[in-house]
Amino acid sequence: MSFLKKSPWIIHYDGSSCNGCDIEVLACLTPLYDIERFGIINTGNPKHADVFLITGTINEQNVEVVHNIYNQMPDPKVVAAIGICATSGGIFRECYNVKGGVDTTIPVDIYIPGCAVRPEAIIDGVVAALGVLEKKAEALKAMKASA
Amino acid sequence: MKTALCVVAWVVLAPFIGGLLAGADRIITARMQSRVGPPLFQPFYDVLKLFGKRGVVVNGYQNFYMICFLAFVVVTGALFFSGGDLLLTIFALTVAGVFFALGAYSPNSPYSNIGAERELLQMMSYEPVLIIAALGMFMVTKSWHVHDILAFQKPLFVFLPGVFLAFLFILTIKLRKSPFDLSTSHHGHQELVKGATTEFSGSALAIIEISHWYENVLLMGFVYLFFAFNWVVAIFAVVVAYIVEILVDNTYARLTWRFTVKSSWIVGGILGVVNLFVIAFLVK
């Protein structure tokens, strides 16, 4: 049995979000939703994190930052794009400085659309991400065994 | 034989007690913030998960230092719980702290370097009070050995109220709780990320976590000594002390290192040293 599902630690990065989805992510930590019930901790440190939550579009300035955070996270890890801007670029898709959704830069496992996303949807998305995390952990184990 | 049994019990049981303490801490903290909080066994899930993660290593020696940290904390506790010399215990604990700081220095990251420097400053703040506590116990019981202090029939707390209060003050530093969680901040999104533990991941982080569990149990052992005349009272005192620490953790924001050093020296100096002088005149 894997313990990944029981203690997914998240890191949250605000791309160029309007802060709407951002605040909803933080709302998940408040007494009303209290995601610590599921062992979820907002770490703020990529090296301790398992789940990478991104809100907002990727633009020319933050693309390096997103790459950097992603590369610093130890395997197994999953990425969840939160909000319509992060999933596809949303209404900012055509902007001159915007590259598009998060999947233009790093591989995304879970898309959670909405504007702004409701905390229930975020929790649902993170729980779905845990299934992906579990599969990745198994794949990593199989790779280790064969190596 | 009894000594060996005590050592084995410490090595095997302490991480379980420490983990349960950490779990209870998280639930009580959550209730204080009107949340439900994680399950009681959450710290164990976290550590077991961390062992399954890949470790990212910046400097080849950084994980070695943390293994030394764990080893010295275990040795310290073994000295303490087998009834050994209290002074030796305190010095061994210092060595463990030095390894922790060395480990934090080694990855050369700004956050963990600041964490390591703050760790050294914290050691500077709490060391004098630890020595004063050991000295006070020696002056009352006429022995440096833990088994003699345990066998002392009168309540040590009555002789050393000032020393006990000073010890409670530095306990906040040792337990790495607010307002003195300078070196490894407990909550994310802060000025030094995770301080000394920022660059540790996977099993190295799990080892640090387990070392903290050992350390916390050892510190609770120190609190126990003050009330050792009656084990029911002593355990009650330990529980109350831990809950007070959690309350302090939840009601104070982090203070600066200047305030930490100054306040712990002033509190330790006034409460501890005055208490020692009184003891020196009263207990002949």
# chains A, B, ... in the order shown; residues from 1 in each chain; ligands from 1
>>> interface_residues(of="chain A", to="chain B", cutoff="8 Å", atoms="only C-alpha atoms", output="list in words")
Ser2, Phe3, Leu4, Lys6, Ser7, Thr30, Pro31, Leu32, Asp34, Glu36, Arg37, Phe38, Gly39, Asn42, Thr43, Gly44, Asn45, Lys47, His48, Gln72, Pro74, Asp75 and Pro76 of chain A
>>> write_last_selection(atoms="N, CA and C atoms", output="PDB file, in the first residue's frame")
ATOM      1  N   SER A   2       0.478   2.229  -0.788  1.00  0.00           N
ATOM      2  CA  SER A   2       1.273   3.452  -0.874  1.00  0.00           C
ATOM      3  C   SER A   2       0.719   4.510   0.073  1.00  0.00           C
ATOM      4  N   PHE A   3       1.630   5.269   0.680  1.00  0.00           N
ATOM      5  CA  PHE A   3       1.201   6.312   1.596  1.00  0.00           C
ATOM      6  C   PHE A   3       1.093   7.667   0.903  1.00  0.00           C
ATOM      7  N   LEU A   4       1.410   7.677  -0.400  1.00  0.00           N
ATOM      8  CA  LEU A   4       1.335   8.923  -1.159  1.00  0.00           C
ATOM      9  C   LEU A   4      -0.060   9.526  -1.086  1.00  0.00           C
ATOM     10  N   LYS A   6      -2.140   9.282   1.216  1.00  0.00           N
ATOM     11  CA  LYS A   6      -2.546   9.749   2.547  1.00  0.00           C
ATOM     12  C   LYS A   6      -1.869  11.038   2.957  1.00  0.00           C
ATOM     13  N   SER A   7      -0.797  11.415   2.271  1.00  0.00           N
ATOM     14  CA  SER A   7      -0.181  12.690   2.646  1.00  0.00           C
ATOM     15  C   SER A   7       0.370  13.425   1.420  1.00  0.00           C
ATOM     16  N   THR A  30      -8.938  26.819   4.660  1.00  0.00           N
ATOM     17  CA  THR A  30      -9.657  27.466   5.761  1.00  0.00           C
ATOM     18  C   THR A  30     -10.526  26.465   6.514  1.00  0.00           C
ATOM     19  N   PRO A  31     -11.029  26.843   7.688  1.00  0.00           N
ATOM     20  CA  PRO A  31     -11.827  25.910   8.488  1.00  0.00           C
ATOM     21  C   PRO A  31     -13.015  25.313   7.740  1.00  0.00           C
ATOM     22  N   LEU A  32     -13.585  26.032   6.777  1.00  0.00           N
ATOM     23  CA  LEU A  32     -14.779  25.518   6.088  1.00  0.00           C
ATOM     24  C   LEU A  32     -14.454  24.255   5.283  1.00  0.00           C
ATOM     25  N   ASP A  34     -10.969  22.835   5.029  1.00  0.00           N
ATOM     26  CA  ASP A  34      -9.948  22.141   5.806  1.00  0.00           C
ATOM     27  C   ASP A  34      -9.369  20.905   5.118  1.00  0.00           C
ATOM     28  N   GLU A  36      -6.532  19.784   5.311  1.00  0.00           N
ATOM     29  CA  GLU A  36      -5.555  19.054   6.129  1.00  0.00           C
ATOM     30  C   GLU A  36      -6.183  17.773   6.667  1.00  0.00           C
ATOM     31  N   ARG A  37      -7.522  17.683   6.643  1.00  0.00           N
ATOM     32  CA  ARG A  37      -8.208  16.429   7.018  1.00  0.00           C
ATOM     33  C   ARG A  37      -7.677  15.249   6.216  1.00  0.00           C
ATOM     34  N   PHE A  38      -7.287  15.510   4.957  1.00  0.00           N
ATOM     35  CA  PHE A  38      -6.784  14.427   4.090  1.00  0.00           C
ATOM     36  C   PHE A  38      -5.268  14.370   4.107  1.00  0.00           C
ATOM     37  N   GLY A  39      -4.651  15.071   5.057  1.00  0.00           N
ATOM     38  CA  GLY A  39      -3.192  15.069   5.148  1.00  0.00           C
ATOM     39  C   GLY A  39      -2.532  16.011   4.173  1.00  0.00           C
ATOM     40  N   ASN A  42       0.073  22.637   2.544  1.00  0.00           N
ATOM     41  CA  ASN A  42       0.604  23.600   1.593  1.00  0.00           C
ATOM     42  C   ASN A  42       2.045  23.877   2.002  1.00  0.00           C
ATOM     43  N   THR A  43       3.020  23.325   1.254  1.00  0.00           N
ATOM     44  CA  THR A  43       4.395  23.384   1.731  1.00  0.00           C
ATOM     45  C   THR A  43       5.123  24.668   1.354  1.00  0.00           C
ATOM     46  N   GLY A  44       4.916  25.163   0.156  1.00  0.00           N
ATOM     47  CA  GLY A  44       5.672  26.342  -0.272  1.00  0.00           C
ATOM     48  C   GLY A  44       7.105  26.015  -0.624  1.00  0.00           C
ATOM     49  N   ASN A  45       7.459  24.735  -0.661  1.00  0.00           N
ATOM     50  CA  ASN A  45       8.826  24.333  -1.000  1.00  0.00           C
ATOM     51  C   ASN A  45       8.753  23.194  -2.009  1.00  0.00           C
ATOM     52  N   LYS A  47      10.796  21.104  -3.110  1.00  0.00           N
ATOM     53  CA  LYS A  47      11.491  19.851  -2.785  1.00  0.00           C
ATOM     54  C   LYS A  47      10.708  18.977  -1.814  1.00  0.00           C
ATOM     55  N   HIS A  48       9.695  19.561  -1.145  1.00  0.00           N
ATOM     56  CA  HIS A  48       8.880  18.766  -0.232  1.00  0.00           C
ATOM     57  C   HIS A  48       7.536  18.395  -0.855  1.00  0.00           C
ATOM     58  N   GLN A  72      12.489  20.969  -9.731  1.00  0.00           N
ATOM     59  CA  GLN A  72      12.971  20.785  -8.360  1.00  0.00           C
ATOM     60  C   GLN A  72      12.135  19.793  -7.572  1.00  0.00           C
ATOM     61  N   PRO A  74      10.775  16.374  -6.417  1.00  0.00           N
ATOM     62  CA  PRO A  74      11.226  14.994  -6.561  1.00  0.00           C
ATOM     63  C   PRO A  74      10.101  14.076  -7.072  1.00  0.00           C
ATOM     64  N   ASP A  75      10.463  13.082  -7.864  1.00  0.00           N
ATOM     65  CA  ASP A  75       9.485  12.104  -8.365  1.00  0.00           C
ATOM     66  C   ASP A  75       9.000  11.214  -7.234  1.00  0.00           C
ATOM     67  N   PRO A  76       7.797  10.652  -7.295  1.00  0.00           N
ATOM     68  CA  PRO A  76       6.718  10.913  -8.253  1.00  0.00           C
ATOM     69  C   PRO A  76       5.989  12.216  -7.944  1.00  0.00           C
TER      70      PRO A  76
END
>>> residues_around(residues="Ser88 in chain A", least_positions_apart="4", cutoff="10 Å", atoms="only C-alpha atoms", output="ChimeraX atom specification")
/A:56-58,81,83-84,92-93,99-104,111,113
>>> closest_residue(among="A:Ile82, A:Val117, A:Lys135, A:His12", to="Val66 in chain A", atoms="only C-alpha atoms")
A:His12
>>> residues_around(residues="Ser264 in chain B", least_positions_apart="2", cutoff="8 Å", atoms="only C-alpha atoms", output="ChimeraX atom specification")
/B:125-126,166,169-170,260-262,266-269
>>> write_last_selection(atoms="N, CA and C atoms", output="PDB file, in the first residue's frame")
ATOM      1  N   SER B 125      20.994  30.407  22.490  1.00  0.00           N
ATOM      2  CA  SER B 125      19.983  30.904  23.425  1.00  0.00           C
ATOM      3  C   SER B 125      19.582  29.854  24.453  1.00  0.00           C
ATOM      4  N   TYR B 126      19.453  28.580  24.026  1.00  0.00           N
ATOM      5  CA  TYR B 126      18.901  27.621  24.994  1.00  0.00           C
ATOM      6  C   TYR B 126      19.949  26.882  25.807  1.00  0.00           C
ATOM      7  N   ALA B 166      12.099  28.823  33.353  1.00  0.00           N
ATOM      8  CA  ALA B 166      13.102  29.124  32.323  1.00  0.00           C
ATOM      9  C   ALA B 166      13.193  27.968  31.330  1.00  0.00           C
ATOM     10  N   PHE B 169      10.415  28.031  28.926  1.00  0.00           N
ATOM     11  CA  PHE B 169      10.644  29.084  27.933  1.00  0.00           C
ATOM     12  C   PHE B 169      11.500  28.563  26.781  1.00  0.00           C
ATOM     13  N   ILE B 170      12.599  27.884  27.111  1.00  0.00           N
ATOM     14  CA  ILE B 170      13.468  27.396  26.040  1.00  0.00           C
ATOM     15  C   ILE B 170      12.908  26.134  25.383  1.00  0.00           C
ATOM     16  N   THR B 260      14.987  36.515  20.383  1.00  0.00           N
ATOM     17  CA  THR B 260      15.113  35.154  20.910  1.00  0.00           C
ATOM     18  C   THR B 260      16.319  35.041  21.835  1.00  0.00           C
ATOM     19  N   VAL B 261      17.471  35.522  21.356  1.00  0.00           N
ATOM     20  CA  VAL B 261      18.690  35.408  22.160  1.00  0.00           C
ATOM     21  C   VAL B 261      18.555  36.229  23.435  1.00  0.00           C
ATOM     22  N   LYS B 262      18.137  37.501  23.261  1.00  0.00           N
ATOM     23  CA  LYS B 262      18.022  38.387  24.422  1.00  0.00           C
ATOM     24  C   LYS B 262      17.052  37.822  25.449  1.00  0.00           C
ATOM     25  N   ILE B 266      17.786  36.641  29.205  1.00  0.00           N
ATOM     26  CA  ILE B 266      17.260  37.432  30.329  1.00  0.00           C
ATOM     27  C   ILE B 266      16.385  36.538  31.216  1.00  0.00           C
ATOM     28  N   VAL B 267      15.460  35.791  30.575  1.00  0.00           N
ATOM     29  CA  VAL B 267      14.565  34.929  31.357  1.00  0.00           C
ATOM     30  C   VAL B 267      15.378  33.859  32.071  1.00  0.00           C
ATOM     31  N   GLY B 268      16.287  33.218  31.326  1.00  0.00           N
ATOM     32  CA  GLY B 268      17.124  32.173  31.923  1.00  0.00           C
ATOM     33  C   GLY B 268      17.998  32.742  33.017  1.00  0.00           C
ATOM     34  N   GLY B 269      18.564  33.942  32.750  1.00  0.00           N
ATOM     35  CA  GLY B 269      19.451  34.575  33.724  1.00  0.00           C
ATOM     36  C   GLY B 269      18.714  34.918  34.996  1.00  0.00           C
TER      37      GLY B 269
END
>>> residues_around(residues="Tyr61 in chain B", least_positions_apart="4", cutoff="10 Å", atoms="only C-alpha atoms", output="CSV table (one decimal) with C-alpha atoms, in the first residue's frame")
chain,number,residue,atom,x,y,z
B,57,VAL,CA,20.7,15.8,-3.3
B,65,TYR,CA,25.1,14.8,8.4
B,66,MET,CA,21.4,14.2,9.0
B,102,LEU,CA,26.3,21.4,9.4
B,103,GLY,CA,23.8,19.5,7.3
B,106,SER,CA,26.2,21.9,3.3
B,107,PRO,CA,23.8,22.5,0.3
>>> select_by_dssp(residues="chain A", states="strand (DSSP E)", output="list in words")
Trp9, Ile10, Ile11, His12, Tyr13, Asp14, Ile41, Asn42, Val51, Phe52, Leu53, Ile54, Thr55, Ile58, Asn59, Val78, Val79, Ala80, Ala81, Ile82, Val98, Lys99, Gly100, Ile110, Tyr111 and Ile112 of chain A
>>> write_last_selection(atoms="N, CA and C atoms", output="PDB file, in the first residue's frame")
ATOM      1  N   TRP A   9       1.484  16.492  -0.318  1.00  0.00           N
ATOM      2  CA  TRP A   9       1.849  17.870   0.020  1.00  0.00           C
ATOM      3  C   TRP A   9       1.829  18.690  -1.258  1.00  0.00           C
ATOM      4  N   ILE A  10       1.247  19.881  -1.189  1.00  0.00           N
ATOM      5  CA  ILE A  10       1.098  20.670  -2.406  1.00  0.00           C
ATOM      6  C   ILE A  10       2.014  21.889  -2.406  1.00  0.00           C
ATOM      7  N   ILE A  11       2.358  22.310  -3.608  1.00  0.00           N
ATOM      8  CA  ILE A  11       2.973  23.634  -3.771  1.00  0.00           C
ATOM      9  C   ILE A  11       2.086  24.385  -4.743  1.00  0.00           C
ATOM     10  N   HIS A  12       1.894  25.642  -4.460  1.00  0.00           N
ATOM     11  CA  HIS A  12       0.936  26.430  -5.220  1.00  0.00           C
ATOM     12  C   HIS A  12       1.676  27.586  -5.871  1.00  0.00           C
ATOM     13  N   TYR A  13       1.539  27.701  -7.194  1.00  0.00           N
ATOM     14  CA  TYR A  13       2.180  28.811  -7.894  1.00  0.00           C
ATOM     15  C   TYR A  13       1.136  29.602  -8.673  1.00  0.00           C
ATOM     16  N   ASP A  14       1.210  30.911  -8.516  1.00  0.00           N
ATOM     17  CA  ASP A  14       0.293  31.798  -9.208  1.00  0.00           C
ATOM     18  C   ASP A  14       0.978  32.310 -10.466  1.00  0.00           C
ATOM     19  N   ILE A  41      -0.916  19.295   2.922  1.00  0.00           N
ATOM     20  CA  ILE A  41      -0.242  20.455   3.511  1.00  0.00           C
ATOM     21  C   ILE A  41       0.231  21.349   2.373  1.00  0.00           C
ATOM     22  N   ASN A  42       0.073  22.637   2.544  1.00  0.00           N
ATOM     23  CA  ASN A  42       0.604  23.600   1.593  1.00  0.00           C
ATOM     24  C   ASN A  42       2.045  23.877   2.002  1.00  0.00           C
ATOM     25  N   VAL A  51       2.327  17.536  -5.232  1.00  0.00           N
ATOM     26  CA  VAL A  51       1.334  18.029  -6.183  1.00  0.00           C
ATOM     27  C   VAL A  51       1.628  19.500  -6.462  1.00  0.00           C
ATOM     28  N   PHE A  52       1.679  19.830  -7.748  1.00  0.00           N
ATOM     29  CA  PHE A  52       1.982  21.196  -8.166  1.00  0.00           C
ATOM     30  C   PHE A  52       0.694  21.816  -8.688  1.00  0.00           C
ATOM     31  N   LEU A  53       0.174  22.824  -7.991  1.00  0.00           N
ATOM     32  CA  LEU A  53      -1.049  23.488  -8.416  1.00  0.00           C
ATOM     33  C   LEU A  53      -0.674  24.815  -9.065  1.00  0.00           C
ATOM     34  N   ILE A  54      -1.113  25.013 -10.307  1.00  0.00           N
ATOM     35  CA  ILE A  54      -0.826  26.288 -10.972  1.00  0.00           C
ATOM     36  C   ILE A  54      -2.128  26.979 -11.329  1.00  0.00           C
ATOM     37  N   THR A  55      -2.212  28.254 -11.015  1.00  0.00           N
ATOM     38  CA  THR A  55      -3.351  29.055 -11.453  1.00  0.00           C
ATOM     39  C   THR A  55      -2.830  30.101 -12.431  1.00  0.00           C
ATOM     40  N   ILE A  58       0.482  30.842 -18.550  1.00  0.00           N
ATOM     41  CA  ILE A  58       1.948  30.903 -18.601  1.00  0.00           C
ATOM     42  C   ILE A  58       2.312  32.033 -19.553  1.00  0.00           C
ATOM     43  N   ASN A  59       3.159  32.951 -19.097  1.00  0.00           N
ATOM     44  CA  ASN A  59       3.593  34.013 -20.002  1.00  0.00           C
ATOM     45  C   ASN A  59       5.107  33.964 -20.176  1.00  0.00           C
ATOM     46  N   VAL A  78       2.785  15.174  -9.535  1.00  0.00           N
ATOM     47  CA  VAL A  78       1.724  15.463 -10.506  1.00  0.00           C
ATOM     48  C   VAL A  78       1.508  16.969 -10.584  1.00  0.00           C
ATOM     49  N   VAL A  79       0.968  17.383 -11.740  1.00  0.00           N
ATOM     50  CA  VAL A  79       0.692  18.803 -11.954  1.00  0.00           C
ATOM     51  C   VAL A  79      -0.796  18.964 -12.191  1.00  0.00           C
ATOM     52  N   ALA A  80      -1.409  19.914 -11.510  1.00  0.00           N
ATOM     53  CA  ALA A  80      -2.813  20.215 -11.738  1.00  0.00           C
ATOM     54  C   ALA A  80      -2.946  21.663 -12.179  1.00  0.00           C
ATOM     55  N   ALA A  81      -3.598  21.873 -13.332  1.00  0.00           N
ATOM     56  CA  ALA A  81      -3.855  23.224 -13.829  1.00  0.00           C
ATOM     57  C   ALA A  81      -5.209  23.660 -13.308  1.00  0.00           C
ATOM     58  N   ILE A  82      -5.233  24.765 -12.559  1.00  0.00           N
ATOM     59  CA  ILE A  82      -6.454  25.186 -11.880  1.00  0.00           C
ATOM     60  C   ILE A  82      -7.003  26.455 -12.520  1.00  0.00           C
ATOM     61  N   VAL A  98       1.235  36.145 -23.728  1.00  0.00           N
ATOM     62  CA  VAL A  98       0.810  34.880 -23.120  1.00  0.00           C
ATOM     63  C   VAL A  98       1.149  33.710 -24.023  1.00  0.00           C
ATOM     64  N   LYS A  99       1.733  32.678 -23.424  1.00  0.00           N
ATOM     65  CA  LYS A  99       2.047  31.466 -24.194  1.00  0.00           C
ATOM     66  C   LYS A  99       0.843  30.547 -24.322  1.00  0.00           C
ATOM     67  N   GLY A 100      -0.019  30.575 -23.290  1.00  0.00           N
ATOM     68  CA  GLY A 100      -1.194  29.706 -23.282  1.00  0.00           C
ATOM     69  C   GLY A 100      -1.334  29.021 -21.950  1.00  0.00           C
ATOM     70  N   ILE A 110      -3.843  16.853 -14.496  1.00  0.00           N
ATOM     71  CA  ILE A 110      -5.249  17.090 -14.183  1.00  0.00           C
ATOM     72  C   ILE A 110      -5.619  18.517 -14.580  1.00  0.00           C
ATOM     73  N   TYR A 111      -6.742  18.639 -15.303  1.00  0.00           N
ATOM     74  CA  TYR A 111      -7.252  19.961 -15.650  1.00  0.00           C
ATOM     75  C   TYR A 111      -8.489  20.237 -14.808  1.00  0.00           C
ATOM     76  N   ILE A 112      -8.500  21.367 -14.119  1.00  0.00           N
ATOM     77  CA  ILE A 112      -9.659  21.731 -13.309  1.00  0.00           C
ATOM     78  C   ILE A 112     -10.191  23.064 -13.827  1.00  0.00           C
TER      79      ILE A 112
END
>>> decode(residues="range 113-144 of chain A", atoms="N, CA and C atoms", output="mmCIF file, in the first residue's frame")
data_model
loop_
_atom_site.group_PDB
_atom_site.id
_atom_site.type_symbol
_atom_site.label_atom_id
_atom_site.label_comp_id
_atom_site.auth_asym_id
_atom_site.auth_seq_id
_atom_site.Cartn_x
_atom_site.Cartn_y
_atom_site.Cartn_z
ATOM 1 N N PRO A 113 -11.179 23.052 -14.756
ATOM 2 C CA PRO A 113 -11.651 24.311 -15.327
ATOM 3 C C PRO A 113 -12.605 25.047 -14.391
ATOM 4 N N GLY A 114 -12.829 26.317 -14.682
ATOM 5 C CA GLY A 114 -13.739 27.138 -13.891
ATOM 6 C C GLY A 114 -13.212 28.545 -13.834
ATOM 7 N N CYS A 115 -14.131 29.514 -13.611
ATOM 8 C CA CYS A 115 -13.680 30.906 -13.530
ATOM 9 C C CYS A 115 -14.577 31.646 -12.559
ATOM 10 N N ALA A 116 -14.183 31.787 -11.319
ATOM 11 C CA ALA A 116 -13.060 31.087 -10.711
ATOM 12 C C ALA A 116 -13.491 29.681 -10.283
ATOM 13 N N VAL A 117 -12.522 28.805 -10.103
ATOM 14 C CA VAL A 117 -12.831 27.432 -9.693
ATOM 15 C C VAL A 117 -13.414 27.452 -8.300
ATOM 16 N N ARG A 118 -14.401 26.578 -8.069
ATOM 17 C CA ARG A 118 -14.927 26.478 -6.709
ATOM 18 C C ARG A 118 -14.008 25.563 -5.893
ATOM 19 N N PRO A 119 -13.895 25.815 -4.581
ATOM 20 C CA PRO A 119 -13.036 24.965 -3.747
ATOM 21 C C PRO A 119 -13.399 23.488 -3.852
ATOM 22 N N GLU A 120 -14.688 23.176 -3.996
ATOM 23 C CA GLU A 120 -15.105 21.776 -4.133
ATOM 24 C C GLU A 120 -14.451 21.148 -5.359
ATOM 25 N N ALA A 121 -14.407 21.923 -6.458
ATOM 26 C CA ALA A 121 -13.802 21.418 -7.694
ATOM 27 C C ALA A 121 -12.310 21.193 -7.499
ATOM 28 N N ILE A 122 -11.657 22.099 -6.748
ATOM 29 C CA ILE A 122 -10.216 21.953 -6.513
ATOM 30 C C ILE A 122 -9.956 20.678 -5.708
ATOM 31 N N ILE A 123 -10.758 20.480 -4.651
ATOM 32 C CA ILE A 123 -10.572 19.284 -3.825
ATOM 33 C C ILE A 123 -10.797 18.037 -4.670
ATOM 34 N N ASP A 124 -11.855 18.069 -5.505
ATOM 35 C CA ASP A 124 -12.149 16.948 -6.400
ATOM 36 C C ASP A 124 -10.966 16.690 -7.339
ATOM 37 N N GLY A 125 -10.404 17.771 -7.878
ATOM 38 C CA GLY A 125 -9.268 17.648 -8.790
ATOM 39 C C GLY A 125 -8.045 17.083 -8.104
ATOM 40 N N VAL A 126 -7.767 17.555 -6.878
ATOM 41 C CA VAL A 126 -6.593 17.058 -6.152
ATOM 42 C C VAL A 126 -6.764 15.573 -5.840
ATOM 43 N N VAL A 127 -7.990 15.177 -5.486
ATOM 44 C CA VAL A 127 -8.240 13.757 -5.208
ATOM 45 C C VAL A 127 -8.019 12.925 -6.477
ATOM 46 N N ALA A 128 -8.468 13.464 -7.626
ATOM 47 C CA ALA A 128 -8.229 12.774 -8.904
ATOM 48 C C ALA A 128 -6.729 12.698 -9.189
ATOM 49 N N ALA A 129 -6.007 13.774 -8.831
ATOM 50 C CA ALA A 129 -4.558 13.802 -9.055
ATOM 51 C C ALA A 129 -3.864 12.714 -8.242
ATOM 52 N N LEU A 130 -4.439 12.383 -7.078
ATOM 53 C CA LEU A 130 -3.820 11.357 -6.237
ATOM 54 C C LEU A 130 -3.809 10.003 -6.929
ATOM 55 N N GLY A 131 -4.888 9.730 -7.714
ATOM 56 C CA GLY A 131 -4.930 8.482 -8.483
ATOM 57 C C GLY A 131 -3.775 8.432 -9.475
ATOM 58 N N VAL A 132 -3.532 9.557 -10.145
ATOM 59 C CA VAL A 132 -2.432 9.645 -11.114
ATOM 60 C C VAL A 132 -1.097 9.469 -10.400
ATOM 61 N N LEU A 133 -0.999 10.106 -9.212
ATOM 62 C CA LEU A 133 0.238 10.041 -8.422
ATOM 63 C C LEU A 133 0.562 8.584 -8.077
ATOM 64 N N GLU A 134 -0.485 7.862 -7.684
ATOM 65 C CA GLU A 134 -0.335 6.449 -7.327
ATOM 66 C C GLU A 134 0.223 5.646 -8.505
ATOM 67 N N LYS A 135 -0.361 5.893 -9.707
ATOM 68 C CA LYS A 135 0.085 5.173 -10.912
ATOM 69 C C LYS A 135 1.538 5.497 -11.216
ATOM 70 N N LYS A 136 1.896 6.783 -11.061
ATOM 71 C CA LYS A 136 3.276 7.195 -11.340
ATOM 72 C C LYS A 136 4.241 6.538 -10.364
ATOM 73 N N ALA A 137 3.812 6.416 -9.108
ATOM 74 C CA ALA A 137 4.664 5.785 -8.091
ATOM 75 C C ALA A 137 4.912 4.324 -8.464
ATOM 76 N N GLU A 138 3.841 3.655 -8.942
ATOM 77 C CA GLU A 138 3.999 2.247 -9.357
ATOM 78 C C GLU A 138 4.949 2.127 -10.537
ATOM 79 N N ALA A 139 4.787 3.053 -11.506
ATOM 80 C CA ALA A 139 5.651 3.032 -12.693
ATOM 81 C C ALA A 139 7.107 3.237 -12.280
ATOM 82 N N LEU A 140 7.321 4.125 -11.292
ATOM 83 C CA LEU A 140 8.672 4.419 -10.817
ATOM 84 C C LEU A 140 9.275 3.171 -10.166
ATOM 85 N N LYS A 141 8.424 2.471 -9.414
ATOM 86 C CA LYS A 141 8.870 1.252 -8.726
ATOM 87 C C LYS A 141 9.255 0.188 -9.751
ATOM 88 N N ALA A 142 8.402 0.049 -10.798
ATOM 89 C CA ALA A 142 8.660 -0.945 -11.840
ATOM 90 C C ALA A 142 9.961 -0.622 -12.563
ATOM 91 N N MET A 143 10.196 0.697 -12.779
ATOM 92 C CA MET A 143 11.400 1.115 -13.464
ATOM 93 C C MET A 143 12.631 0.775 -12.621
ATOM 94 N N LYS A 144 12.511 1.014 -11.298
ATOM 95 C CA LYS A 144 13.609 0.724 -10.383
ATOM 96 C C LYS A 144 13.916 -0.770 -10.374
#
